[in-house]
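The structure file coords-v6.txt is reproduced below (compact mmCIF, C-alpha atoms and all ligand atoms).
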```
# COMPACT_ATOMS: atom_id res chain seq x y z
CA MET A 1 16.98 18.68 -17.80
CA LYS A 2 15.32 15.50 -19.03
CA VAL A 3 12.42 13.42 -17.74
CA ARG A 4 12.19 9.81 -18.90
CA VAL A 5 9.49 7.41 -17.81
CA VAL A 6 11.47 4.17 -17.75
CA LYS A 7 8.54 1.93 -16.79
CA GLY A 8 4.87 2.60 -16.36
CA THR A 9 3.62 4.31 -19.50
CA ASN A 10 2.03 1.48 -21.35
CA LYS A 11 1.00 -2.09 -20.67
CA LYS A 12 3.06 -2.34 -17.50
CA GLY A 13 1.48 -0.59 -14.57
CA CYS A 14 4.49 -0.22 -12.29
CA SER A 15 6.68 2.83 -11.81
CA VAL A 16 10.25 3.94 -12.59
CA THR A 17 11.06 7.54 -13.60
CA GLU A 18 14.47 9.07 -14.38
CA ILE A 19 15.33 12.79 -14.16
CA THR A 20 18.68 13.93 -15.58
CA SER A 21 20.21 17.40 -15.13
CA ASN A 22 22.11 19.43 -17.73
CA LYS A 23 25.27 18.60 -15.78
CA GLY A 24 24.63 14.88 -16.34
CA ASN A 25 23.57 13.95 -12.80
CA LYS A 26 20.40 11.94 -12.36
CA ILE A 27 17.92 10.68 -9.81
CA ILE A 28 15.54 7.75 -10.15
CA ILE A 29 12.06 7.84 -8.62
CA ASP A 30 10.73 4.39 -7.70
CA TYR A 31 12.29 1.11 -8.69
CA GLY A 32 9.27 -1.14 -8.95
CA LYS A 33 8.55 -4.68 -9.91
CA CYS A 34 5.44 -5.20 -12.04
CA VAL A 35 3.21 -7.44 -9.99
CA ASN A 36 0.62 -8.70 -12.39
CA ASP A 37 2.47 -9.93 -15.41
CA GLY A 38 2.18 -13.58 -14.55
CA ILE A 39 5.86 -13.77 -15.56
CA LYS A 40 8.99 -12.70 -13.72
CA ASP A 41 9.60 -9.01 -14.37
CA ALA A 42 12.99 -7.81 -15.64
CA THR A 43 14.97 -5.18 -13.70
CA PRO A 44 14.52 -1.70 -15.20
CA ASP A 45 16.96 -0.46 -17.82
CA ILE A 46 19.08 2.22 -16.11
CA ASP A 47 22.57 3.52 -16.77
CA TRP A 48 23.72 4.02 -13.18
CA ASN A 49 26.63 6.38 -13.95
CA ASN A 50 26.25 9.71 -12.09
CA THR A 51 23.08 8.56 -10.28
CA LEU A 52 22.80 10.58 -7.06
CA GLY A 53 20.02 8.52 -5.52
CA VAL A 54 16.86 6.44 -5.88
CA PHE A 55 13.78 7.89 -4.18
CA ILE A 56 10.95 5.52 -3.27
CA THR A 57 7.43 6.93 -3.05
CA HIS A 58 5.97 4.07 -0.98
CA ASN A 59 6.29 0.47 0.08
CA HIS A 60 4.22 -1.34 -2.55
CA ASP A 61 6.26 -3.78 -4.62
CA ASP A 62 5.41 -2.06 -7.91
CA HIS A 63 7.45 0.90 -6.53
CA ILE A 64 10.05 -0.62 -4.18
CA GLY A 65 10.25 -4.24 -5.38
CA PHE A 66 13.67 -4.05 -7.05
CA ILE A 67 15.59 -2.05 -4.41
CA ASN A 68 17.92 -4.96 -3.70
CA ASP A 69 19.07 -4.63 -7.33
CA VAL A 70 20.16 -0.97 -7.06
CA PRO A 71 24.00 -0.87 -7.12
CA LYS A 72 25.39 -0.72 -3.58
CA ASP A 73 27.10 2.65 -4.11
CA VAL A 74 23.83 4.40 -5.10
CA PRO A 75 21.89 5.64 -2.05
CA VAL A 76 18.24 4.59 -1.78
CA TYR A 77 15.88 6.95 0.08
CA VAL A 78 12.75 5.55 1.77
CA GLU A 79 10.35 7.19 4.23
CA ARG A 80 11.20 6.00 7.77
CA GLU A 81 7.90 4.40 8.87
CA ALA A 82 7.04 3.12 5.38
CA LEU A 83 10.30 1.18 5.53
CA GLY A 84 9.48 -0.06 9.06
CA VAL A 85 6.19 -1.52 7.80
CA TYR A 86 7.86 -3.00 4.71
CA LYS A 87 10.54 -4.71 6.82
CA ILE A 88 7.92 -6.44 8.98
CA ILE A 89 6.11 -7.81 5.92
CA ALA A 90 9.46 -8.88 4.42
CA ASP A 91 10.36 -10.68 7.68
CA PHE A 92 7.11 -12.68 7.61
CA TYR A 93 7.77 -13.76 4.04
CA GLU A 94 11.50 -14.22 4.77
CA GLN A 95 12.57 -11.78 2.05
CA GLY A 96 14.85 -9.32 3.85
CA ILE A 97 16.18 -6.02 2.52
CA ALA A 98 19.75 -6.73 1.45
CA ARG A 99 21.07 -3.19 1.21
CA LYS A 100 21.58 0.02 3.16
CA VAL A 101 18.70 2.50 3.02
CA THR A 102 18.74 6.23 3.80
CA LEU A 103 15.64 7.31 5.72
CA PHE A 104 13.66 10.51 5.37
CA GLU A 105 10.43 11.85 6.86
CA PRO A 106 7.60 13.65 5.05
CA GLY A 107 8.47 17.34 4.76
CA ASP A 108 12.21 16.70 4.59
CA ILE A 109 14.14 18.54 1.88
CA ILE A 110 17.08 16.61 0.43
CA THR A 111 19.79 18.41 -1.54
CA LEU A 112 22.12 16.32 -3.72
CA ASP A 113 24.56 18.35 -5.84
CA ASP A 114 22.38 20.23 -8.38
CA PHE A 115 19.12 18.51 -7.29
CA LYS A 116 16.73 19.59 -4.55
CA ILE A 117 14.00 17.11 -3.61
CA VAL A 118 11.09 18.26 -1.43
CA THR A 119 9.08 15.40 0.10
CA TYR A 120 5.32 15.55 0.75
CA GLN A 121 3.10 12.94 2.36
CA VAL A 122 0.06 11.86 0.32
CA ASP A 123 -2.92 9.64 0.94
CA HIS A 124 -2.74 6.13 -0.53
CA SER A 125 -3.31 2.55 0.61
CA ALA A 126 0.34 2.25 1.73
CA TYR A 127 1.48 3.83 4.99
CA ASN A 128 3.19 7.24 4.76
CA SER A 129 3.25 7.37 0.97
CA CYS A 130 5.04 10.39 -0.49
CA MET A 131 5.33 12.50 -3.60
CA PHE A 132 8.38 14.51 -4.65
CA LEU A 133 8.87 18.02 -5.94
CA VAL A 134 12.20 17.96 -7.79
CA GLU A 135 14.01 21.21 -8.53
CA VAL A 136 16.93 21.17 -10.95
CA ASP A 137 18.34 23.54 -13.62
CA GLY A 138 15.80 26.18 -12.53
CA LYS A 139 12.91 23.83 -13.41
CA ARG A 140 10.33 22.11 -11.19
CA VAL A 141 9.00 18.58 -11.66
CA LEU A 142 6.20 17.25 -9.45
CA HIS A 143 6.19 13.44 -9.34
CA MET A 144 2.84 12.12 -8.01
CA SER A 145 2.67 8.37 -7.88
CA ASP A 146 -0.20 6.50 -6.23
CA PHE A 147 -2.36 9.07 -4.48
CA ARG A 148 -6.01 9.58 -3.75
CA GLU A 149 -8.25 12.22 -2.25
CA HIS A 150 -11.03 9.97 -0.93
CA GLY A 151 -9.07 8.44 1.97
CA ARG A 152 -8.90 9.71 5.56
CA GLN A 153 -5.88 11.85 4.69
CA GLY A 154 -7.04 12.97 1.26
CA TYR A 155 -6.65 16.59 2.39
CA LEU A 156 -2.85 16.12 2.26
CA VAL A 157 -2.84 16.08 -1.54
CA LYS A 158 -5.15 19.08 -1.81
CA LYS A 159 -3.05 21.13 0.59
CA ALA A 160 0.26 20.22 -1.09
CA ILE A 161 -1.05 21.05 -4.59
CA GLU A 162 -2.36 24.40 -3.38
CA ASP A 163 1.02 25.15 -1.78
CA ILE A 164 3.10 24.08 -4.79
CA LYS A 165 0.96 26.16 -7.21
CA GLU A 166 3.12 25.89 -10.33
CA VAL A 167 5.55 23.43 -11.93
CA ASP A 168 7.12 22.86 -15.31
CA VAL A 169 6.39 19.14 -15.47
CA LEU A 170 3.65 17.18 -13.75
CA CYS A 171 4.12 13.40 -13.62
CA MET A 172 0.74 12.02 -12.58
CA GLU A 173 -0.35 8.49 -11.73
CA GLY A 174 -3.30 7.00 -13.60
CA ALA A 175 -3.45 3.38 -12.45
CA THR A 176 -7.25 3.26 -12.47
CA ILE A 177 -7.72 5.29 -15.65
CA THR A 178 -8.01 2.13 -17.74
CA ARG A 179 -9.88 -0.01 -15.23
CA PRO A 180 -13.50 -0.78 -16.06
CA ASN A 181 -14.85 0.65 -12.79
CA ASN A 182 -13.13 4.02 -13.18
CA ASP A 183 -15.93 5.89 -11.43
CA LYS A 184 -15.99 8.10 -8.37
CA LYS A 185 -14.49 6.21 -5.46
CA LYS A 186 -16.29 5.85 -2.16
CA GLU A 187 -14.70 7.25 0.98
CA GLU A 188 -13.28 5.05 3.76
CA ASP A 189 -16.01 6.29 6.14
CA GLN A 190 -18.73 5.13 3.77
CA LEU A 191 -17.00 1.77 3.40
CA GLN A 192 -16.80 1.53 7.20
CA TYR A 193 -20.58 1.90 7.44
CA GLU A 194 -21.14 -0.73 4.75
CA LEU A 195 -18.80 -3.15 6.57
CA TYR A 196 -20.61 -2.52 9.86
CA LYS A 197 -23.98 -3.31 8.26
CA ILE A 198 -22.64 -6.70 7.11
CA MET A 199 -20.74 -7.47 10.31
CA ARG A 200 -23.71 -6.97 12.62
CA ARG A 201 -25.62 -9.75 10.79
CA TYR A 202 -23.02 -12.48 11.38
CA ARG A 203 -21.30 -14.03 14.41
CA GLN A 204 -18.11 -14.92 12.52
CA VAL A 205 -16.80 -12.41 10.00
CA PHE A 206 -13.61 -13.16 8.07
CA VAL A 207 -11.97 -10.27 6.24
CA VAL A 208 -9.20 -10.54 3.70
CA THR A 209 -7.25 -7.32 3.17
CA SER A 210 -3.72 -6.11 2.46
CA SER A 211 -1.27 -6.13 5.40
CA SER A 212 0.15 -2.73 4.45
CA ASN A 213 -3.22 -0.95 4.16
CA ILE A 214 -3.41 0.73 7.57
CA ASP A 215 -6.41 2.86 6.57
CA ARG A 216 -8.37 -0.33 5.88
CA LEU A 217 -7.21 -1.86 9.18
CA ILE A 218 -8.68 1.15 11.02
CA THR A 219 -11.86 1.08 8.91
CA THR A 220 -12.36 -2.61 9.64
CA TYR A 221 -11.63 -2.24 13.35
CA LYS A 222 -14.09 0.64 13.77
CA ALA A 223 -16.84 -1.29 11.97
CA SER A 224 -16.10 -4.37 14.10
CA TYR A 225 -16.14 -2.37 17.35
CA ARG A 226 -19.51 -0.87 16.47
CA ALA A 227 -20.88 -4.32 15.59
CA ASP A 228 -19.72 -5.51 19.05
CA HIS A 229 -17.32 -8.21 17.85
CA ILE A 230 -13.85 -8.97 19.13
CA PHE A 231 -11.15 -8.21 16.55
CA ILE A 232 -8.59 -10.81 15.54
CA GLU A 233 -5.57 -9.81 13.45
CA ASP A 234 -3.28 -12.14 11.57
CA PRO A 235 0.26 -11.94 13.02
CA THR A 236 1.68 -9.74 10.23
CA ILE A 237 -0.98 -7.06 10.68
CA ALA A 238 -0.74 -7.40 14.48
CA SER A 239 3.03 -6.80 14.27
CA ILE A 240 2.62 -3.74 12.04
CA GLY A 241 -0.04 -2.36 14.41
CA ASP A 242 2.29 -2.98 17.36
CA TYR A 243 5.20 -1.23 15.59
CA LEU A 244 3.13 1.86 14.77
CA ASP A 245 1.49 1.93 18.22
CA LYS A 246 4.95 2.03 19.84
CA LEU A 247 5.66 5.10 17.70
CA GLY A 248 2.62 6.80 19.23
CA LYS A 249 0.13 6.17 16.39
CA VAL A 250 -3.37 4.98 17.23
CA VAL A 251 -3.45 1.69 15.35
CA PRO A 252 -5.38 -1.35 16.62
CA ASN A 253 -3.10 -4.12 17.84
CA PRO A 254 -3.18 -6.86 20.50
CA ASN A 255 -0.35 -5.50 22.62
CA PRO A 256 -0.88 -1.72 22.90
CA LYS A 257 1.54 0.57 24.68
CA ASN A 258 -1.34 1.97 26.70
CA GLU A 259 -2.98 -1.13 28.15
CA ASN A 260 -6.43 0.49 28.20
CA ASP A 261 -6.43 0.79 24.40
CA PHE A 262 -7.75 -2.01 22.21
CA ARG A 263 -8.70 -4.52 24.92
CA ASP A 264 -10.87 -6.25 22.29
CA VAL A 265 -7.99 -6.96 19.89
CA TYR A 266 -6.34 -10.40 19.66
CA THR A 267 -4.18 -12.27 17.21
CA PHE A 268 -4.31 -15.74 15.74
CA ILE A 269 -0.92 -17.38 15.55
CA PRO A 270 -1.21 -20.32 13.17
CA LYS A 271 0.55 -23.59 13.87
CA TYR A 272 2.75 -23.36 10.76
CA LEU A 273 4.26 -20.10 12.05
CA LYS A 274 4.78 -21.45 15.58
CA GLU A 275 6.44 -24.63 14.43
CA LYS A 276 9.05 -23.24 12.03
CA GLU A 277 12.35 -22.75 13.83
CA GLY A 278 14.67 -19.74 13.78
CA THR A 279 12.74 -17.52 11.35
CA SER A 280 12.84 -13.73 11.31
CA TYR A 281 9.21 -13.25 12.37
CA LYS A 282 9.55 -15.12 15.69
CA LYS A 283 10.64 -11.91 17.44
CA TYR A 284 7.24 -10.41 16.66
CA ILE A 285 4.86 -13.25 17.46
CA ASN A 286 6.47 -14.09 20.80
CA ASN A 287 5.06 -10.76 22.09
CA PHE A 288 1.51 -11.88 21.48
CA SER A 289 1.35 -15.29 23.18
CA ASP A 290 -1.07 -14.09 25.89
CA ARG A 291 -3.35 -12.43 23.30
CA ASP A 292 -3.91 -15.48 21.14
CA ALA A 293 -7.54 -15.92 20.02
CA HIS A 294 -7.65 -19.72 19.55
CA ALA A 295 -9.53 -20.48 22.75
CA LEU A 296 -12.01 -17.59 22.36
CA MET A 297 -13.11 -18.38 18.83
CA PRO A 298 -15.68 -21.14 19.49
CA PHE A 299 -17.69 -18.87 21.80
CA SER A 300 -17.15 -15.29 20.61
CA LYS A 301 -18.55 -13.01 17.94
CA TYR A 302 -15.50 -11.97 15.98
CA VAL A 303 -14.07 -10.16 12.97
CA PHE A 304 -10.97 -12.03 11.84
CA LEU A 305 -8.39 -10.54 9.43
CA ILE A 306 -7.44 -13.80 7.80
CA LYS A 307 -4.77 -14.85 5.29
CA PRO A 308 -5.61 -17.52 2.66
CA GLU A 309 -2.83 -19.79 3.97
CA MET A 310 -4.68 -20.08 7.32
CA PHE A 311 -7.70 -21.81 5.81
CA ASN A 312 -6.67 -25.42 6.56
CA GLU A 313 -6.13 -24.69 10.25
CA ILE A 314 -9.42 -22.77 10.56
CA LYS A 315 -11.23 -25.62 8.85
CA LYS A 316 -9.77 -28.30 11.09
CA LEU A 317 -10.20 -26.44 14.37
CA TYR A 318 -13.48 -24.60 13.87
CA ILE A 319 -15.36 -25.31 10.64
CA ASP A 320 -15.22 -29.12 10.87
CA LYS A 321 -16.20 -28.98 14.57
CA GLY A 322 -19.31 -26.92 13.86
CA TYR A 323 -18.13 -23.64 15.42
CA VAL A 324 -18.52 -21.64 12.18
CA LYS A 325 -22.22 -21.66 11.42
CA ASP A 326 -23.17 -18.03 11.02
CA ALA A 327 -20.27 -16.69 8.99
CA CYS A 328 -19.31 -14.49 6.08
CA LEU A 329 -16.11 -13.49 4.30
CA ILE A 330 -15.52 -9.90 3.19
CA TYR A 331 -13.00 -9.47 0.39
CA SER A 332 -11.59 -5.96 0.83
CA MET A 333 -8.69 -5.42 -1.52
CA TRP A 334 -7.99 -4.80 -5.21
CA ASP A 335 -9.94 -7.29 -7.34
CA GLY A 336 -6.79 -7.99 -9.43
CA TYR A 337 -5.64 -10.32 -6.63
CA LEU A 338 -8.69 -12.52 -7.23
CA ASP A 339 -6.86 -13.97 -10.25
CA ARG A 340 -4.12 -15.41 -8.09
CA PRO A 341 -4.52 -19.18 -7.63
CA GLU A 342 -4.11 -19.11 -3.83
CA MET A 343 -6.83 -16.45 -3.48
CA ARG A 344 -9.18 -18.20 -5.88
CA ILE A 345 -8.81 -21.52 -4.07
CA PHE A 346 -9.26 -19.85 -0.66
CA ILE A 347 -12.52 -18.19 -1.72
CA GLU A 348 -13.80 -21.43 -3.27
CA ASN A 349 -12.98 -23.27 -0.03
CA MET A 350 -14.79 -20.66 2.07
CA LYS A 351 -17.85 -20.87 -0.16
CA ALA A 352 -17.77 -24.67 0.01
CA ALA A 353 -17.84 -24.35 3.82
CA GLY A 354 -21.16 -22.47 3.52
CA ILE A 355 -19.61 -19.02 4.11
CA LYS A 356 -21.21 -16.18 2.16
CA VAL A 357 -18.73 -13.92 0.34
CA TYR A 358 -19.06 -10.13 0.03
CA TYR A 359 -16.83 -7.83 -2.03
CA LYS A 360 -16.35 -4.46 -0.32
CA HIS A 361 -13.45 -2.21 -1.20
CA THR A 362 -12.48 1.30 -2.14
CA SER A 363 -9.42 1.99 -4.26
CA GLY A 364 -6.10 3.36 -3.00
CA HIS A 365 -5.77 5.21 -6.31
CA ASN A 366 -7.13 8.49 -7.60
CA ASP A 367 -10.41 8.88 -9.44
CA GLU A 368 -11.25 11.34 -12.22
CA GLU A 369 -12.35 13.96 -9.69
CA ALA A 370 -8.95 13.85 -7.95
CA ARG A 371 -7.06 14.04 -11.25
CA GLU A 372 -9.20 16.95 -12.32
CA PHE A 373 -8.49 18.77 -9.05
CA VAL A 374 -4.74 18.40 -9.64
CA THR A 375 -4.77 19.38 -13.31
CA THR A 376 -7.00 22.40 -12.79
CA THR A 377 -5.44 23.67 -9.53
CA LEU A 378 -1.79 23.22 -10.43
CA LYS A 379 -0.31 25.24 -13.28
CA TYR A 380 1.96 23.07 -15.41
CA LYS A 381 3.60 23.24 -18.84
CA TYR A 382 3.81 19.50 -19.55
CA LEU A 383 1.98 16.47 -18.24
CA LYS A 384 3.68 13.09 -18.23
CA HIS A 385 1.50 10.10 -17.49
CA ILE A 386 3.02 7.48 -15.18
CA HIS A 387 1.89 4.18 -13.73
CA THR A 388 -0.80 3.47 -16.29
CA GLU A 389 -1.51 0.75 -18.79
CA ASP A 390 -2.69 2.74 -21.77
CA ASN A 391 -1.31 6.02 -23.16
CA ASP A 392 -4.45 6.71 -25.15
CA LYS A 393 -6.63 7.17 -22.09
CA TYR A 394 -4.69 10.32 -21.14
CA ILE A 395 -5.36 11.98 -24.45
CA ASN A 396 -7.95 14.41 -23.10
CA TYR A 397 -5.53 15.96 -20.62
CA PRO A 398 -3.93 19.22 -21.77
CA GLU A 399 -0.20 19.52 -22.57
CA LEU A 400 0.32 15.77 -22.61
CA ASN A 401 3.87 14.66 -23.40
CA LEU A 402 4.26 11.11 -24.69
CA THR A 403 8.00 10.97 -25.36
CA ASP A 404 11.16 11.59 -23.31
CA LEU A 405 10.91 15.22 -22.35
CA GLU A 406 13.83 17.65 -22.53
CA ILE A 407 13.31 21.26 -21.42
ZN ZN B 1 0.75 1.76 -4.35
ZN ZN B 2 1.49 1.48 -7.61
```

Translate this file's structure into structure tokens.
Amino acid sequence: MKVRVVKGTNKKGCSVTEITSNKGNKIIIDYGKCVNDGIKDATPDIDWNNTLGVFITHNHDDHIGFINDVPKDVPVYVEREALGVYKIIADFYEQGIARKVTLFEPGDIITLDDFKIVTYQVDHSAYNSCMFLVEVDGKRVLHMSDFREHGRQGYLVKKAIEDIKEVDVLCMEGATITRPNNDKKKEEDQLQYELYKIMRRYRQVFVVTSSSNIDRLITTYKASYRADHIFIEDPTIASIGDYLDKLGKVVPNPNPKNENDFRDVYTFIPKYLKEKEGTSYKKYINNFSDRDAHALMPFSKYVFLIKPEMFNEIKKLYIDKGYVKDACLIYSMWDGYLDRPEMRIFIENMKAAGIKVYYKHTSGHNDEEAREFVTTTLKYKYLKHIHTEDNDKYINYPELNLTDLEI
């Protein structure tokens, strides 16, 4: 069997891996679009003959972004709830999924001809992220893309690694290995306390975070609740919370299944979303019309999960009328997004309105301690680095393989 890292070994941080059996069948793991090139990324170079399936680890674009380009006769496998969350975000940005997807759940085992794929849930900043143990030709490959141990479900990785024990090839993510702040990452609980300490000092707290980061949504809500603020979600996050709540998960949202949950949660439906006709997100926001926060905002202490595109409406309705006088903004996502023009302009506008800006985040990716746990607990013959920007930084790991691997 052969393992080829198609994208993600050097310079480009996204992820596409190909595993081919002796019989000539293959599977692809992740089909991602590099997000930070500043130029349009090209679709990965794959020969699709004899491809049994594409397996997606999670719903970030650097892993799932090209799924519409997979040939229609090749099945694409995505975790059920991860796809549900992805579809909601796609509906808000009017970028639907134009292909059939086969769903799986963590723990499912999928057999395709000579391949067996065992799915494990891992902790990451995308909901229900997974890793795959691939068995083919009597060999075992563990593909770990985007995982961490310092999140609320960090124990999932530890348990899976202890259960798996031994593989022939370990493909391990190292997205943060080359980043300047590659130190031990703080836990979500610690971040929650730091957010609370900021929130209690201000009447109006704006937070900018990723819609798909459900861990951070819960962290922010708990800090807000403790600081005695009402909690206002932008409509995308509110819709994701509503979707997961209906599946029985405890996720803050304005329209909970159990009406005694989350009575302090509202949404803010901006005018530009209300006014557009016939768009795919209307079915979500119509559910929230009696939980809209507009009228409460002049008189309430609140934490508001805001999107940069809402700034003009917030300015007109509240800042210019003097309702935002004791406010801060907390930036709580990867600092790479600060380079994007819309984010830079948003933060400049907030500062110009007299709003103090804090940067509080913990990474969705592994730190050195997590990588060391994996490489010392799991027995492996070869290590392949994936999802990193610099081969050289892996050089201290034992049994590193830098070329296409055939065993
Ligand atoms: Zn990710
Ligand atoms: Zn990634």

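Here the question is which of A:Gln192, A:Gln204, A:Thr375, A:Ser15 gets nearest to Thr362 (chain A) using all atoms listed in the file, and that residue is A:Gln192.
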
Please check which protein, DNA or RNA residues sit within 10 Å of ligand ZN 2 (chain B), counting only C-alpha atoms and all ligand atoms, and write them as an NGL selection string. :A and (8 or 13-15 or 30 or 32-35 or 57-64 or 124-126 or 145-147 or 173-175 or 364-365 or 386-388)

Output C-alpha atoms for every residue in the selection just made, as a PDB file, keeping the file's coordinate frame.
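Writing the result to again34.pdb gives the following:
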```
ATOM      1  CA  GLY A   8       4.870   2.600 -16.360  1.00  0.00           C
ATOM      2  CA  GLY A  13       1.480  -0.590 -14.570  1.00  0.00           C
ATOM      3  CA  CYS A  14       4.490  -0.220 -12.290  1.00  0.00           C
ATOM      4  CA  SER A  15       6.680   2.830 -11.810  1.00  0.00           C
ATOM      5  CA  ASP A  30      10.730   4.390  -7.700  1.00  0.00           C
ATOM      6  CA  GLY A  32       9.270  -1.140  -8.950  1.00  0.00           C
ATOM      7  CA  LYS A  33       8.550  -4.680  -9.910  1.00  0.00           C
ATOM      8  CA  CYS A  34       5.440  -5.200 -12.040  1.00  0.00           C
ATOM      9  CA  VAL A  35       3.210  -7.440  -9.990  1.00  0.00           C
ATOM     10  CA  THR A  57       7.430   6.930  -3.050  1.00  0.00           C
ATOM     11  CA  HIS A  58       5.970   4.070  -0.980  1.00  0.00           C
ATOM     12  CA  ASN A  59       6.290   0.470   0.080  1.00  0.00           C
ATOM     13  CA  HIS A  60       4.220  -1.340  -2.550  1.00  0.00           C
ATOM     14  CA  ASP A  61       6.260  -3.780  -4.620  1.00  0.00           C
ATOM     15  CA  ASP A  62       5.410  -2.060  -7.910  1.00  0.00           C
ATOM     16  CA  HIS A  63       7.450   0.900  -6.530  1.00  0.00           C
ATOM     17  CA  ILE A  64      10.050  -0.620  -4.180  1.00  0.00           C
ATOM     18  CA  HIS A 124      -2.740   6.130  -0.530  1.00  0.00           C
ATOM     19  CA  SER A 125      -3.310   2.550   0.610  1.00  0.00           C
ATOM     20  CA  ALA A 126       0.340   2.250   1.730  1.00  0.00           C
ATOM     21  CA  SER A 145       2.670   8.370  -7.880  1.00  0.00           C
ATOM     22  CA  ASP A 146      -0.200   6.500  -6.230  1.00  0.00           C
ATOM     23  CA  PHE A 147      -2.360   9.070  -4.480  1.00  0.00           C
ATOM     24  CA  GLU A 173      -0.350   8.490 -11.730  1.00  0.00           C
ATOM     25  CA  GLY A 174      -3.300   7.000 -13.600  1.00  0.00           C
ATOM     26  CA  ALA A 175      -3.450   3.380 -12.450  1.00  0.00           C
ATOM     27  CA  GLY A 364      -6.100   3.360  -3.000  1.00  0.00           C
ATOM     28  CA  HIS A 365      -5.770   5.210  -6.310  1.00  0.00           C
ATOM     29  CA  ILE A 386       3.020   7.480 -15.180  1.00  0.00           C
ATOM     30  CA  HIS A 387       1.890   4.180 -13.730  1.00  0.00           C
ATOM     31  CA  THR A 388      -0.800   3.470 -16.290  1.00  0.00           C
TER      32      THR A 388
END
```

List as a VMD selection string the protein and nucleic acid residues near Phe262 (chain A), meaning an atom at most 10 Å away when all atoms listed in the file are counted, but skip any in the same chain fewer than 2 places from it. chain A and resid 221 225 230 to 231 250 to 260 264 to 266

Skipping near chain neighbours, those fewer than 4 positions away, what residues fall within 7 Å of region 114-123 of chain A using only C-alpha atoms, listed as a PyMOL selection string? chain A and resi 106-110+128-136+147-149+151+153-154+156-157

Counting all atoms listed in the file, which of A:Val303, A:Met172, A:Leu273, A:Ile232 gets nearest to Leu195 (chain A)?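 Under the stated criterion, the closest residue is A:Val303.
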
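Counting from CA of Asp215 (chain A), the distance to CA of Arg152 (chain A) is 7.4 Å.
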
List as a PyMOL selection string the protein and nucleic acid residues near region 2-4 of chain A, meaning an atom at most 6 Å away when all atoms listed in the file are counted, but skip any in the same chain fewer than 2 places from it. chain A and resi 6+17-20+404-406

Proximity to ligand ZN 1 (chain B) - best of A:Ala227, A:Ile285, A:Ala82, A:Met310, all atoms listed in the file: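 Answer, going by the shortest atom-to-atom distance: A:Ala82.
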
Minimum-distance residue to Ile355 (chain A), chosen among A:Thr267, A:Asn391, A:Tyr202, A:Thr209 (using all atoms listed in the file):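 Distance minimum relative to Ile355 (chain A) lands on A:Tyr202.
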
When you draw a straight line from CA of Glu162 (chain A) to CA of Lys381 (chain A), how long is it in Å? 16.6 Å

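When CA of Lys186 (chain A) is paired with CA of Asp339 (chain A), their separation reads 23.4 Å.
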
Near Ser363 (chain A), counting all atoms listed in the file, which residues have an atom at most 8 Å away, once you skip same-chain residues fewer than 6 positions from it, shown as a list in words? Ser125, Lys185, Met333 and Trp334 of chain A

Could you check the closest approach to ligand ZN 1 (chain B) for each of A:Asn213, A:Ser300, A:Asn287, A:Asn68 and tell me which residue wins, using all atoms listed in the file?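 Smallest distance to ligand ZN 1 (chain B) is found for A:Asn213.
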
Restricting the calculation to all atoms listed in the file, which member of A:Pro298, A:Glu368, A:Lys165, A:Thr176 is positioned closest to ligand ZN 1 (chain B)? A:Thr176

List every protein, DNA or RNA residue that has at least one atom no more than 9 Å from (14.7, 22.8, -15.9) in the file's coordinates, counting all atoms listed in the file, and write the result as a count of residues only. 14

Around (-4.2, -15.9, 15.5) in the file's own coordinates, what residues are found within 8 Å if you use only C-alpha atoms, given back as a list in words? Ile232, Glu233, Asp234, Pro235, Tyr266, Thr267, Phe268, Ile269, Pro270, Asp292, Ala293 and His294 of chain A

Neighbours of Gly322 (chain A) within 12 Å (all atoms listed in the file; same-chain residues fewer than 6 positions away dropped), as an mmCIF file with C-alpha atoms, keeping the file's coordinate frame?
```
data_model
loop_
_atom_site.group_PDB
_atom_site.id
_atom_site.type_symbol
_atom_site.label_atom_id
_atom_site.label_comp_id
_atom_site.auth_asym_id
_atom_site.auth_seq_id
_atom_site.Cartn_x
_atom_site.Cartn_y
_atom_site.Cartn_z
ATOM 1 C CA MET A 297 -13.110 -18.380 18.830
ATOM 2 C CA PRO A 298 -15.680 -21.140 19.490
ATOM 3 C CA PHE A 299 -17.690 -18.870 21.800
ATOM 4 C CA ILE A 314 -9.420 -22.770 10.560
ATOM 5 C CA LYS A 315 -11.230 -25.620 8.850
ATOM 6 C CA LYS A 316 -9.770 -28.300 11.090
ATOM 7 C CA ALA A 353 -17.840 -24.350 3.820
ATOM 8 C CA GLY A 354 -21.160 -22.470 3.520
#
```
